[in-house]
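Novice: Just passing along the structure, written as structure tokens.
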Amino acid sequence: MPKRKRSSSGNAVVSTPPVQAGSNWSALQKTIGAGKSFKAKQKRAAVTQDIKRAAADSTADSTPTSADHSLTKAVGLDCEMVGVGPNGRRSALARVSVVNSLGNVLYDTHVAVAEPVTDYRTFVSGVRWYDLKGAPAFDHVRAQVARVLQGRLLVGHTLRSDLAALGMTHPGRDTRDLATYAPLQGAGKTKGLKVLAAEVLGIDFQTGEHSSVEDARISMYIYLRHRKQWEKDLVVSHRRVKNKAKAPHSQDRKVVGKPAAALGGVAPRVG
């Protein structure tokens, strides 16, 4: 069980976990909290070209084009679930992965499930019984993921489900969900990540067991392909909402354009 210490505010803080395979947690700790330093800004600037190359080269496959594990402004998240309860109908978090804008792993771990697993859903989740043996506790993992996500743009597909599984929330203005971005989804039924990967990246993946690392990586690559227009759409949408709120009799005026909620974000609170 991880040791706890008291922060200056008096709240309990989970201490740093031991380094886990594939998590890059040891190196990542040195980066978290250093976002305002000049050195950190230089490092972020240095990976900009690598991020652009990652977006340009991602049509070939999902393999990262750089070995840089920097904590970037945008991070991708994906989770894998197992079934608990009668017939495994309820979902429980079993694995969580976070990647940076280059597709490299920042954090990746299986999670101990508090109740008996009745369906490992291996054909989809890729999780087996031995993966959960000795895995860190849910609260411990959630605390570490929260540290990584703080102040970042969060990218993923159906993020509402992933965040619910983690028992977390993330600011809507900093959320980029492929499943709610209208230009990607079009009309009708929401497109799955497999479909979007084929349409946007020309990649055929999820042909077998899923990997939360690969899913997070593909989500990031798709976002990078649409990032410029996506961010522009959000700025325009937010500006229209603000102008409507400031205009006289604004309740009688119709705002032209798509609401921010349809652009993978949320409209800002005015007033």
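Please note that chains go A, B, ... in the order of the structure tokens, that every chain numbers its residues from 1, and that ligands are numbered from 1 in the order shown.
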For range 159-173 of chain A, work out the shell of residues within 10 Å, counting only C-alpha atoms and skipping chain neighbours fewer than 4 positions away, then give it as a count of residues only.
Specialist: 38
Novice: Would you please extract all strand (DSSP E) residues from range 67-261 of chain A, as assigned by DSSP on the backbone, and give them as an MDAnalysis selection string?
Specialist: chainID A and resid 74:84 90:99 105:110 117:119 153:156 175:177
Novice: Mind dumping the selected residues with N, CA, C and O atoms as a compact mmCIF listing (two decimals), in the first residue's frame?
Specialist:
```txt
# COMPACT_ATOMS: atom_id res chain seq x y z
N ALA A 74 -0.84 18.27 -25.42
CA ALA A 74 -1.97 17.36 -25.62
C ALA A 74 -1.53 15.94 -25.28
O ALA A 74 -0.41 15.53 -25.61
N VAL A 75 -2.40 15.20 -24.62
CA VAL A 75 -2.12 13.80 -24.30
C VAL A 75 -3.33 12.96 -24.68
O VAL A 75 -4.47 13.43 -24.66
N GLY A 76 -3.07 11.72 -25.06
CA GLY A 76 -4.14 10.81 -25.44
C GLY A 76 -4.41 9.79 -24.34
O GLY A 76 -3.47 9.29 -23.71
N LEU A 77 -5.68 9.50 -24.11
CA LEU A 77 -6.07 8.57 -23.05
C LEU A 77 -6.96 7.47 -23.60
O LEU A 77 -7.83 7.72 -24.44
N ASP A 78 -6.75 6.26 -23.10
CA ASP A 78 -7.67 5.16 -23.40
C ASP A 78 -7.63 4.16 -22.25
O ASP A 78 -6.60 4.00 -21.59
N CYS A 79 -8.77 3.51 -22.03
CA CYS A 79 -8.88 2.53 -20.95
C CYS A 79 -9.45 1.22 -21.50
O CYS A 79 -10.17 1.21 -22.50
N GLU A 80 -9.10 0.14 -20.83
CA GLU A 80 -9.68 -1.17 -21.12
C GLU A 80 -10.47 -1.64 -19.90
O GLU A 80 -10.06 -1.41 -18.76
N MET A 81 -11.61 -2.28 -20.16
CA MET A 81 -12.49 -2.72 -19.08
C MET A 81 -12.63 -4.25 -19.06
O MET A 81 -12.46 -4.92 -20.07
N VAL A 82 -12.97 -4.74 -17.88
CA VAL A 82 -13.36 -6.14 -17.72
C VAL A 82 -14.76 -6.15 -17.14
O VAL A 82 -15.26 -5.13 -16.66
N GLY A 83 -15.41 -7.31 -17.19
CA GLY A 83 -16.77 -7.42 -16.68
C GLY A 83 -16.82 -7.96 -15.26
O GLY A 83 -16.10 -8.88 -14.91
N VAL A 84 -17.69 -7.37 -14.45
CA VAL A 84 -17.91 -7.83 -13.07
C VAL A 84 -19.40 -8.02 -12.85
O VAL A 84 -20.23 -7.56 -13.64
N ARG A 90 -21.49 -5.56 -15.82
CA ARG A 90 -20.96 -4.27 -15.39
C ARG A 90 -19.48 -4.17 -15.72
O ARG A 90 -18.76 -5.17 -15.68
N SER A 91 -19.04 -2.96 -16.04
CA SER A 91 -17.65 -2.75 -16.45
C SER A 91 -16.81 -2.21 -15.30
O SER A 91 -17.29 -1.41 -14.48
N ALA A 92 -15.58 -2.66 -15.23
CA ALA A 92 -14.63 -2.17 -14.24
C ALA A 92 -13.30 -1.90 -14.93
O ALA A 92 -12.89 -2.63 -15.83
N LEU A 93 -12.63 -0.85 -14.52
CA LEU A 93 -11.36 -0.46 -15.11
C LEU A 93 -10.30 -1.53 -14.87
O LEU A 93 -10.12 -1.99 -13.74
N ALA A 94 -9.59 -1.91 -15.93
CA ALA A 94 -8.55 -2.93 -15.80
C ALA A 94 -7.20 -2.46 -16.34
O ALA A 94 -6.17 -3.00 -15.98
N ARG A 95 -7.21 -1.45 -17.20
CA ARG A 95 -5.96 -0.93 -17.73
C ARG A 95 -6.18 0.51 -18.18
O ARG A 95 -7.24 0.85 -18.71
N VAL A 96 -5.19 1.35 -17.97
CA VAL A 96 -5.26 2.74 -18.43
C VAL A 96 -3.92 3.12 -19.05
O VAL A 96 -2.86 2.76 -18.54
N SER A 97 -4.01 3.82 -20.18
CA SER A 97 -2.79 4.23 -20.90
C SER A 97 -2.90 5.70 -21.29
O SER A 97 -3.96 6.17 -21.70
N VAL A 98 -1.79 6.40 -21.16
CA VAL A 98 -1.71 7.80 -21.59
C VAL A 98 -0.49 7.95 -22.49
O VAL A 98 0.61 7.46 -22.14
N VAL A 99 -0.66 8.58 -23.64
CA VAL A 99 0.45 8.82 -24.57
C VAL A 99 0.59 10.31 -24.82
O VAL A 99 -0.33 11.09 -24.60
N VAL A 105 4.42 6.38 -24.93
CA VAL A 105 3.75 6.12 -23.66
C VAL A 105 4.28 7.01 -22.54
O VAL A 105 5.49 7.11 -22.32
N LEU A 106 3.34 7.66 -21.84
CA LEU A 106 3.66 8.42 -20.65
C LEU A 106 3.33 7.62 -19.39
O LEU A 106 4.05 7.68 -18.40
N TYR A 107 2.23 6.89 -19.47
CA TYR A 107 1.80 6.10 -18.32
C TYR A 107 0.97 4.93 -18.83
O TYR A 107 0.10 5.12 -19.69
N ASP A 108 1.24 3.73 -18.33
CA ASP A 108 0.52 2.55 -18.78
C ASP A 108 0.55 1.51 -17.67
O ASP A 108 1.64 1.08 -17.28
N THR A 109 -0.58 1.13 -17.16
CA THR A 109 -0.61 0.15 -16.10
C THR A 109 -1.95 -0.59 -16.07
O THR A 109 -2.98 -0.05 -16.48
N HIS A 110 -1.90 -1.82 -15.60
CA HIS A 110 -3.14 -2.53 -15.29
C HIS A 110 -3.60 -2.06 -13.92
O HIS A 110 -2.81 -1.46 -13.16
N VAL A 117 -13.74 -10.64 -10.98
CA VAL A 117 -13.96 -10.46 -12.42
C VAL A 117 -14.68 -11.70 -12.94
O VAL A 117 -14.23 -12.83 -12.77
N THR A 118 -15.81 -11.47 -13.59
CA THR A 118 -16.60 -12.58 -14.12
C THR A 118 -16.47 -12.72 -15.64
O THR A 118 -16.90 -13.70 -16.20
N ASP A 119 -15.87 -11.71 -16.27
CA ASP A 119 -15.62 -11.79 -17.71
C ASP A 119 -14.44 -10.88 -18.03
O ASP A 119 -14.55 -9.66 -17.93
N LEU A 153 -4.48 19.24 -22.75
CA LEU A 153 -5.57 18.93 -23.67
C LEU A 153 -5.72 17.42 -23.68
O LEU A 153 -4.74 16.70 -23.92
N LEU A 154 -6.91 16.95 -23.43
CA LEU A 154 -7.14 15.51 -23.35
C LEU A 154 -7.80 15.02 -24.63
O LEU A 154 -8.88 15.50 -25.01
N VAL A 155 -7.16 14.08 -25.30
CA VAL A 155 -7.62 13.56 -26.59
C VAL A 155 -8.00 12.09 -26.43
O VAL A 155 -7.31 11.33 -25.74
N GLY A 156 -9.10 11.71 -27.08
CA GLY A 156 -9.50 10.30 -27.04
C GLY A 156 -10.78 10.08 -27.81
O GLY A 156 -11.28 10.97 -28.50
N THR A 175 -10.97 19.33 -23.58
CA THR A 175 -11.29 17.97 -24.01
C THR A 175 -11.51 17.93 -25.51
O THR A 175 -12.25 18.74 -26.06
N ARG A 176 -10.87 16.97 -26.17
CA ARG A 176 -11.03 16.79 -27.61
C ARG A 176 -11.45 15.33 -27.84
O ARG A 176 -10.61 14.44 -27.90
N ASP A 177 -12.74 15.14 -27.95
CA ASP A 177 -13.30 13.80 -28.09
C ASP A 177 -13.68 13.53 -29.54
O ASP A 177 -14.57 14.21 -30.08
```
Novice: Between CA of Gly126 in chain A and CA of Gly208 in chain A, measure the distance and give it in Å to one decimal.
Specialist: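 Separating CA of Gly126 in chain A from CA of Gly208 in chain A is a distance of 8.7 Å.
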Novice: Determine, counting only C-alpha atoms, which protein, DNA and RNA residues have an atom within 9 Å of an atom of Thr72 in chain A; residues of the same chain fewer than 2 positions away are not included. Present the result as a list in words.
Specialist: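 Everything that qualifies: Arg44, Val47, His69, Ser70, Ala74, Val75, Asn100, Ser101, Leu102 and Arg152 of chain A.
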Novice: Would you please work out which residue, of A:His210, A:Lys191, A:Arg89, A:His140, is nearest to Thr122 in chain A when using only C-alpha atoms?
Specialist: A:His210
Novice: Hey, can you check how far CA of Thr158 in chain A sits from CA of Gln206 in chain A?
Specialist: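 Between these atoms lies a distance of 16.0 Å.
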Novice: Per DSSP on the backbone, filter range 67-143 of chain A down to the residues in helix (DSSP H, G or I) and report them as number ranges by chain.
Specialist: A: 86-88, 122-125, 129-131, 138-143
Novice: Include all heavy atoms and write out the residues we just selected as a tab-separated table (two decimals), in the first residue's frame.
Specialist:
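See part.tsv below for the written result:
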```tsv
chain	number	residue	atom	x	y	z
A	86	PRO	N	-23.00	-10.36	-12.25
A	86	PRO	CA	-23.64	-11.45	-13.02
A	86	PRO	C	-23.38	-11.33	-14.51
A	86	PRO	O	-23.63	-10.29	-15.12
A	86	PRO	CB	-25.13	-11.26	-12.70
A	86	PRO	CG	-25.14	-10.59	-11.37
A	86	PRO	CD	-23.96	-9.66	-11.38
A	87	ASN	N	-22.83	-12.38	-15.08
A	87	ASN	CA	-22.55	-12.45	-16.53
A	87	ASN	C	-21.59	-11.36	-17.00
A	87	ASN	O	-21.49	-11.11	-18.21
A	87	ASN	CB	-23.85	-12.37	-17.32
A	87	ASN	CG	-24.80	-13.50	-16.99
A	87	ASN	OD1	-24.38	-14.66	-16.89
A	87	ASN	ND2	-26.07	-13.17	-16.80
A	88	GLY	N	-20.90	-10.71	-16.08
A	88	GLY	CA	-19.92	-9.70	-16.46
A	88	GLY	C	-20.52	-8.49	-17.14
A	88	GLY	O	-19.86	-7.83	-17.96
A	122	THR	N	-11.34	-10.72	-22.89
A	122	THR	CA	-10.00	-10.72	-23.47
A	122	THR	C	-10.01	-10.47	-24.97
A	122	THR	O	-9.11	-9.80	-25.50
A	122	THR	CB	-9.30	-12.07	-23.18
A	122	THR	OG1	-9.29	-12.30	-21.76
A	122	THR	CG2	-7.87	-12.06	-23.68
A	123	PHE	N	-11.01	-10.95	-25.65
A	123	PHE	CA	-11.06	-10.79	-27.11
A	123	PHE	C	-11.13	-9.31	-27.50
A	123	PHE	O	-10.77	-8.93	-28.63
A	123	PHE	CB	-12.26	-11.54	-27.69
A	123	PHE	CG	-13.59	-10.93	-27.39
A	123	PHE	CD1	-14.26	-10.14	-28.31
A	123	PHE	CD2	-14.19	-11.13	-26.14
A	123	PHE	CE1	-15.48	-9.57	-28.03
A	123	PHE	CE2	-15.43	-10.58	-25.85
A	123	PHE	CZ	-16.07	-9.80	-26.79
A	124	VAL	N	-11.57	-8.46	-26.58
A	124	VAL	CA	-11.62	-7.02	-26.83
A	124	VAL	C	-10.61	-6.28	-25.97
A	124	VAL	O	-9.86	-5.44	-26.45
A	124	VAL	CB	-13.04	-6.45	-26.55
A	124	VAL	CG1	-13.03	-4.93	-26.66
A	124	VAL	CG2	-14.04	-7.04	-27.53
A	125	SER	N	-10.59	-6.61	-24.67
A	125	SER	CA	-9.75	-5.86	-23.73
A	125	SER	C	-8.27	-6.24	-23.79
A	125	SER	O	-7.40	-5.43	-23.45
A	125	SER	CB	-10.25	-6.08	-22.30
A	125	SER	OG	-9.99	-7.41	-21.87
A	129	TRP	N	-6.17	-12.86	-16.60
A	129	TRP	CA	-6.19	-12.88	-15.14
A	129	TRP	C	-4.85	-12.51	-14.53
A	129	TRP	O	-4.77	-11.79	-13.54
A	129	TRP	CB	-6.64	-14.25	-14.63
A	129	TRP	CG	-5.65	-15.37	-14.89
A	129	TRP	CD1	-5.61	-16.19	-15.97
A	129	TRP	CD2	-4.56	-15.74	-14.04
A	129	TRP	NE1	-4.56	-17.08	-15.87
A	129	TRP	CE2	-3.89	-16.83	-14.69
A	129	TRP	CE3	-4.07	-15.30	-12.82
A	129	TRP	CZ2	-2.77	-17.45	-14.14
A	129	TRP	CZ3	-2.95	-15.91	-12.28
A	129	TRP	CH2	-2.32	-16.97	-12.94
A	130	TYR	N	-3.76	-12.97	-15.16
A	130	TYR	CA	-2.44	-12.71	-14.59
A	130	TYR	C	-2.01	-11.26	-14.75
A	130	TYR	O	-1.10	-10.79	-14.05
A	130	TYR	CB	-1.39	-13.65	-15.17
A	130	TYR	CG	-1.36	-13.74	-16.68
A	130	TYR	CD1	-0.76	-12.75	-17.45
A	130	TYR	CD2	-1.92	-14.84	-17.34
A	130	TYR	CE1	-0.72	-12.83	-18.83
A	130	TYR	CE2	-1.88	-14.94	-18.72
A	130	TYR	CZ	-1.28	-13.94	-19.47
A	130	TYR	OH	-1.24	-14.03	-20.83
A	131	ASP	N	-2.64	-10.52	-15.67
A	131	ASP	CA	-2.32	-9.10	-15.82
A	131	ASP	C	-2.72	-8.30	-14.59
A	131	ASP	O	-2.10	-7.26	-14.28
A	131	ASP	CB	-3.03	-8.51	-17.04
A	131	ASP	CG	-2.51	-9.08	-18.36
A	131	ASP	OD1	-1.29	-9.30	-18.45
A	131	ASP	OD2	-3.32	-9.31	-19.26
A	138	PHE	N	-6.87	0.92	-7.54
A	138	PHE	CA	-7.59	1.90	-8.36
A	138	PHE	C	-7.29	3.32	-7.92
A	138	PHE	O	-6.98	4.20	-8.74
A	138	PHE	CB	-9.09	1.61	-8.27
A	138	PHE	CG	-9.95	2.64	-8.94
A	138	PHE	CD1	-10.20	2.59	-10.30
A	138	PHE	CD2	-10.52	3.67	-8.21
A	138	PHE	CE1	-10.99	3.55	-10.92
A	138	PHE	CE2	-11.31	4.63	-8.81
A	138	PHE	CZ	-11.55	4.57	-10.17
A	139	ASP	N	-7.42	3.62	-6.63
A	139	ASP	CA	-7.21	4.98	-6.14
A	139	ASP	C	-5.80	5.47	-6.43
A	139	ASP	O	-5.58	6.65	-6.72
A	139	ASP	CB	-7.49	5.06	-4.64
A	139	ASP	CG	-8.97	4.95	-4.31
A	139	ASP	OD1	-9.79	5.12	-5.24
A	139	ASP	OD2	-9.30	4.69	-3.14
A	140	HIS	N	-4.86	4.58	-6.32
A	140	HIS	CA	-3.46	4.92	-6.58
A	140	HIS	C	-3.27	5.31	-8.05
A	140	HIS	O	-2.65	6.33	-8.36
A	140	HIS	CB	-2.58	3.72	-6.23
A	140	HIS	CG	-1.12	4.00	-6.32
A	140	HIS	ND1	-0.45	4.80	-5.43
A	140	HIS	CD2	-0.19	3.59	-7.22
A	140	HIS	CE1	0.83	4.86	-5.76
A	140	HIS	NE2	1.02	4.14	-6.85
A	141	VAL	N	-3.81	4.50	-8.94
A	141	VAL	CA	-3.69	4.77	-10.38
A	141	VAL	C	-4.39	6.07	-10.74
A	141	VAL	O	-3.86	6.90	-11.49
A	141	VAL	CB	-4.26	3.59	-11.20
A	141	VAL	CG1	-4.33	3.95	-12.68
A	141	VAL	CG2	-3.41	2.34	-10.99
A	142	ARG	N	-5.57	6.24	-10.21
A	142	ARG	CA	-6.33	7.46	-10.52
A	142	ARG	C	-5.56	8.72	-10.12
A	142	ARG	O	-5.56	9.71	-10.85
A	142	ARG	CB	-7.69	7.44	-9.81
A	142	ARG	CG	-8.52	8.69	-10.07
A	142	ARG	CD	-9.92	8.55	-9.53
A	142	ARG	NE	-9.92	8.31	-8.08
A	142	ARG	CZ	-11.03	8.13	-7.37
A	142	ARG	NH1	-12.21	8.15	-7.98
A	142	ARG	NH2	-10.97	7.93	-6.07
A	143	ALA	N	-4.89	8.68	-8.97
A	143	ALA	CA	-4.13	9.84	-8.51
A	143	ALA	C	-2.99	10.17	-9.48
A	143	ALA	O	-2.72	11.34	-9.77
A	143	ALA	CB	-3.57	9.58	-7.11
```
Novice: Kindly give the distance, in Å, that separates CA of Glu199 in chain A and CA of Ser66 in chain A, rounded to a single decimal.
Specialist: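 Separation between CA of Glu199 in chain A and CA of Ser66 in chain A: 23.8 Å.
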